[in-house]
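See below for the structure under consideration.
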Amino acid sequence: DIKGFVFDLDGVITDTSVFHSQAWHQVADKVGAPWSKELEDGLKGISRMDSLEMILKAGNLSDQYTEDQKIALATEKNTNYLKLVDQMTPDNILPGIKDFLDDIQSHGYLLSLASASKNAPKVLEKLQLTTYFPKIVDPKTLSKGKPDPEIYLKGAELINLKPEQCIGVEDAGAGVESINAAGETSIGIGDKQILKDADINFEDTGEMTLTNIQKQMA
Ligand code: G6P
Ligand code: MG
């Protein structure tokens, strides 16, 4: 029986995935790496330094930058990203999410957050959703990022549930892989092509309701 939900943040609860993309696109242009839809999708769910590495690799530039220069590029990206986050309000919550969180809470499901983002607490604060997520996986404690199962295993552990008692919710291919490898039920939100491995697909967040989930699990 499902007893809890482990949520991704960026692209699931709020559309910060667009802000991340925008800020990484600037970095790609700056270093002269090619930007593509494939790269943009591939970066979703990937940690800050791994994302930078993917962008540099796309331009065959990995060995052109020292560790310090890489950190400086990632820091610059984060500064630009945070400027966008600063302007966020609860209006940036994706359609239906607030109602869905209220609904699952009132049905007694437990909630935790499994975002790779070190900025997750700040984003939740801007959205005024902090109280929904007393349990947040700290990405600093992870030895491997998505698609490794570690982050979703920790998400379940934080709410004292077994993975098979949890549904993980993701917009990223790497995230769905992580959920599946953890042994949780996966919901993929967005492009069914990219998220084809998800147990349940929704075109957008507005379709994610307990009734629709139950229908797809039956
Ligand atoms: C999430 C986003 C990624 C982002 C990562 C790290 O997984 O989907 O786009 O790169 O978090 O975010 P941070 O805010 O720590 O740089
Ligand atoms: Mg995401």
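Every chain in the structure tokens takes a letter, A first, then B, and so on in the order presented; its residues are numbered from 1, and the ligands are numbered from 1 following the presented order.
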At a cut-off of 7 Å, can you tabulate as a tab-separated table every residue of segment 54-166 of chain A near segment 172-194 of chain A together with its closest atom pair and the distance in Å to one decimal, using only C-alpha atoms and ordering rows by chain then number?
residue	atom	partner	partner_atom	distance
A:Lys146	CA	A:Ser178	CA	5.5
A:Pro147	CA	A:Ser178	CA	4.3
A:Asp148	CA	A:Ser178	CA	5.2
A:Pro149	CA	A:Ser178	CA	4.3
A:Tyr152	CA	A:Ile179	CA	5.9
A:Leu153	CA	A:Ala182	CA	5.7
A:Pro163	CA	A:Glu184	CA	4.9
A:Glu164	CA	A:Glu184	CA	4.9
A:Cys166	CA	A:Glu184	CA	5.4
Computed gap from atom CA of Leu52 of chain A to atom CA of Gln69 of chain A is 11.1 Å
inquiry  = Write out as a VMD selection string the set of residues from chain A that DSSP, computed on the backbone, places in alpha helix (DSSP H).
reply    = chain A and resid 16 to 31 37 to 43 48 to 58 67 to 86 97 to 106 120 to 127 150 to 158 173 to 182 210 to 217
Residues contacting ligand 1 - anything with an atom at most 9 Å away, using only C-alpha atoms and all ligand atoms - can you give me those as a short mmCIF file (atom, residue, chain, number, x, y, z; two decimals) with N, CA and C atoms, in the first residue's frame?
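Result saved to result.cif:
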data_model
loop_
_atom_site.label_atom_id
_atom_site.label_comp_id
_atom_site.auth_asym_id
_atom_site.auth_seq_id
_atom_site.Cartn_x
_atom_site.Cartn_y
_atom_site.Cartn_z
N ASP A 8 10.19 15.49 -6.37
CA ASP A 8 11.19 16.37 -6.95
C ASP A 8 10.63 17.79 -6.82
N LEU A 9 11.46 18.80 -6.95
CA LEU A 9 10.99 20.18 -6.82
C LEU A 9 10.93 20.91 -8.17
N ASP A 10 12.11 21.09 -8.77
CA ASP A 10 12.20 21.89 -9.98
C ASP A 10 11.50 21.17 -11.15
N GLY A 11 10.47 21.80 -11.69
CA GLY A 11 9.75 21.20 -12.82
C GLY A 11 8.58 20.33 -12.39
N THR A 16 10.84 26.23 -11.88
CA THR A 16 12.23 26.68 -11.81
C THR A 16 13.13 25.97 -12.81
N SER A 17 12.65 24.86 -13.39
CA SER A 17 13.48 24.18 -14.40
C SER A 17 13.75 25.14 -15.57
N VAL A 18 12.81 26.03 -15.84
CA VAL A 18 13.00 27.04 -16.89
C VAL A 18 14.12 28.02 -16.48
N PHE A 19 14.14 28.40 -15.20
CA PHE A 19 15.18 29.31 -14.71
C PHE A 19 16.56 28.64 -14.74
N HIS A 20 16.60 27.36 -14.32
CA HIS A 20 17.88 26.63 -14.38
C HIS A 20 18.38 26.60 -15.82
N SER A 21 17.49 26.27 -16.76
CA SER A 21 17.87 26.18 -18.17
C SER A 21 18.40 27.52 -18.68
N TRP A 24 21.84 28.15 -17.29
CA TRP A 24 22.87 27.28 -17.91
C TRP A 24 23.12 27.66 -19.35
N GLU A 40 19.47 20.40 -22.81
CA GLU A 40 18.57 21.03 -21.84
C GLU A 40 17.80 19.96 -21.04
N LEU A 43 20.05 17.89 -18.63
CA LEU A 43 20.54 18.58 -17.43
C LEU A 43 19.54 18.52 -16.28
N LYS A 44 18.28 18.22 -16.60
CA LYS A 44 17.25 18.22 -15.56
C LYS A 44 17.56 17.17 -14.49
N GLY A 45 17.54 17.58 -13.23
CA GLY A 45 17.78 16.68 -12.12
C GLY A 45 19.25 16.47 -11.79
N ILE A 46 20.12 17.04 -12.58
CA ILE A 46 21.57 16.82 -12.43
C ILE A 46 22.19 17.91 -11.56
N SER A 47 23.09 17.52 -10.65
CA SER A 47 23.68 18.47 -9.70
C SER A 47 24.44 19.59 -10.42
N ARG A 48 24.70 20.64 -9.68
CA ARG A 48 25.31 21.84 -10.26
C ARG A 48 26.62 21.55 -10.97
N MET A 49 27.56 20.90 -10.29
CA MET A 49 28.87 20.67 -10.91
C MET A 49 28.80 19.64 -12.05
N ASP A 50 27.94 18.64 -11.89
CA ASP A 50 27.77 17.64 -12.97
C ASP A 50 27.13 18.29 -14.20
N SER A 51 26.23 19.24 -13.96
CA SER A 51 25.60 19.95 -15.08
C SER A 51 26.65 20.74 -15.87
N LEU A 52 27.50 21.44 -15.12
CA LEU A 52 28.55 22.22 -15.79
C LEU A 52 29.43 21.29 -16.62
N ALA A 74 30.22 27.80 -12.21
CA ALA A 74 29.03 27.26 -11.53
C ALA A 74 28.47 28.28 -10.54
N THR A 75 29.36 29.03 -9.90
CA THR A 75 28.92 30.06 -8.95
C THR A 75 28.21 31.19 -9.67
N LYS A 77 26.62 30.90 -12.50
CA LYS A 77 25.30 30.37 -12.88
C LYS A 77 24.34 30.48 -11.71
N ASN A 78 24.81 30.09 -10.52
CA ASN A 78 23.93 30.09 -9.36
C ASN A 78 23.49 31.51 -8.99
N TYR A 81 20.83 32.37 -11.37
CA TYR A 81 19.63 31.60 -11.03
C TYR A 81 18.92 32.24 -9.83
N LEU A 82 19.69 32.60 -8.81
CA LEU A 82 19.10 33.15 -7.60
C LEU A 82 18.42 34.50 -7.83
N ALA A 114 12.92 15.24 -2.55
CA ALA A 114 14.17 14.66 -3.06
C ALA A 114 14.65 15.47 -4.25
N SER A 115 15.07 16.71 -3.96
CA SER A 115 15.59 17.59 -5.02
C SER A 115 17.10 17.61 -4.94
N ALA A 116 17.76 17.63 -6.09
CA ALA A 116 19.22 17.74 -6.12
C ALA A 116 19.68 19.16 -5.82
N SER A 117 18.72 20.08 -5.71
CA SER A 117 19.08 21.49 -5.59
C SER A 117 19.40 21.92 -4.17
N LYS A 118 20.54 22.58 -4.02
CA LYS A 118 20.93 23.16 -2.73
C LYS A 118 20.07 24.37 -2.42
N ASN A 119 19.35 24.85 -3.42
CA ASN A 119 18.48 26.02 -3.23
C ASN A 119 17.04 25.64 -2.89
N ALA A 120 16.77 24.35 -2.70
CA ALA A 120 15.39 23.91 -2.50
C ALA A 120 14.70 24.61 -1.31
N PRO A 139 21.08 17.47 -0.31
CA PRO A 139 21.93 16.96 -1.39
C PRO A 139 23.41 16.90 -1.02
N GLY A 145 24.40 11.40 -7.42
CA GLY A 145 23.16 12.09 -7.79
C GLY A 145 22.25 11.21 -8.63
N LYS A 146 21.09 11.76 -9.04
CA LYS A 146 20.21 11.07 -9.96
C LYS A 146 21.00 10.78 -11.24
N ASP A 171 10.03 15.16 -13.18
CA ASP A 171 9.89 15.68 -14.55
C ASP A 171 11.11 15.32 -15.40
N ALA A 172 12.12 14.69 -14.77
CA ALA A 172 13.39 14.43 -15.46
C ALA A 172 13.59 12.94 -15.72
N GLY A 175 15.60 11.44 -13.10
CA GLY A 175 14.84 11.32 -11.87
C GLY A 175 13.96 10.08 -11.87
#
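Taking atom CA of Leu111 of chain A and atom CA of Lys215 of chain A as endpoints, the distance between them is 21.0 Å.
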Notebook entry, point to check: What does the distance between atom CA of Ile55 of chain A and atom CA of Lys140 of chain A come to in Å, to one decimal place?
Noted result: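 According to the coordinates, atom CA of Ile55 of chain A and atom CA of Lys140 of chain A are separated by 21.8 Å.
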Could you give me, as a PDB file with C-alpha atoms, in the first residue's frame, the residues within 8 Å of Ala156 of chain A, counting only C-alpha atoms and dropping anything in the same chain fewer than 5 positions from it?
ATOM      1  CA  GLY A   4       3.851   8.487   1.058  1.00  0.00           C
ATOM      2  CA  VAL A   6       8.632  11.701  -2.470  1.00  0.00           C
ATOM      3  CA  SER A 112       9.318  14.346   1.580  1.00  0.00           C
ATOM      4  CA  LEU A 161       8.660   4.209   4.813  1.00  0.00           C
ATOM      5  CA  LYS A 162       9.883   1.395   2.640  1.00  0.00           C
ATOM      6  CA  PRO A 163      10.512   2.384  -0.991  1.00  0.00           C
ATOM      7  CA  CYS A 166       6.248   5.454  -1.823  1.00  0.00           C
TER       8      CYS A 166
END
With distances taken over only C-alpha atoms and all ligand atoms, the candidate from A:Leu113, A:Thr79, A:Phe5, A:Thr130 nearest ligand 2 is A:Leu113
Determine, counting only C-alpha atoms, which protein, DNA and RNA residues have an atom within 12 Å of an atom of Lys98 of chain A; residues of the same chain fewer than 6 positions away are not included. Present the result as a PyMOL selection string.
chain A and resi 12-14+90-92+104-105+127-129+132+205-206+208-209
Report task. Measuring atom to atom with only C-alpha atoms and all ligand atoms, identify which of A:Glu125, A:Asp15, A:Ala72, A:Trp35 is nearest to ligand 2. Result ->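 Under the stated criterion, the closest residue is A:Asp15.
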| query | Pick from A:Gly155, A:Gly42, A:Pro34, A:Pro95: nearest to ligand 2, with only C-alpha atoms and all ligand atoms counted? | reply |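 Closest to ligand 2, using only C-alpha atoms and all ligand atoms: A:Gly42.
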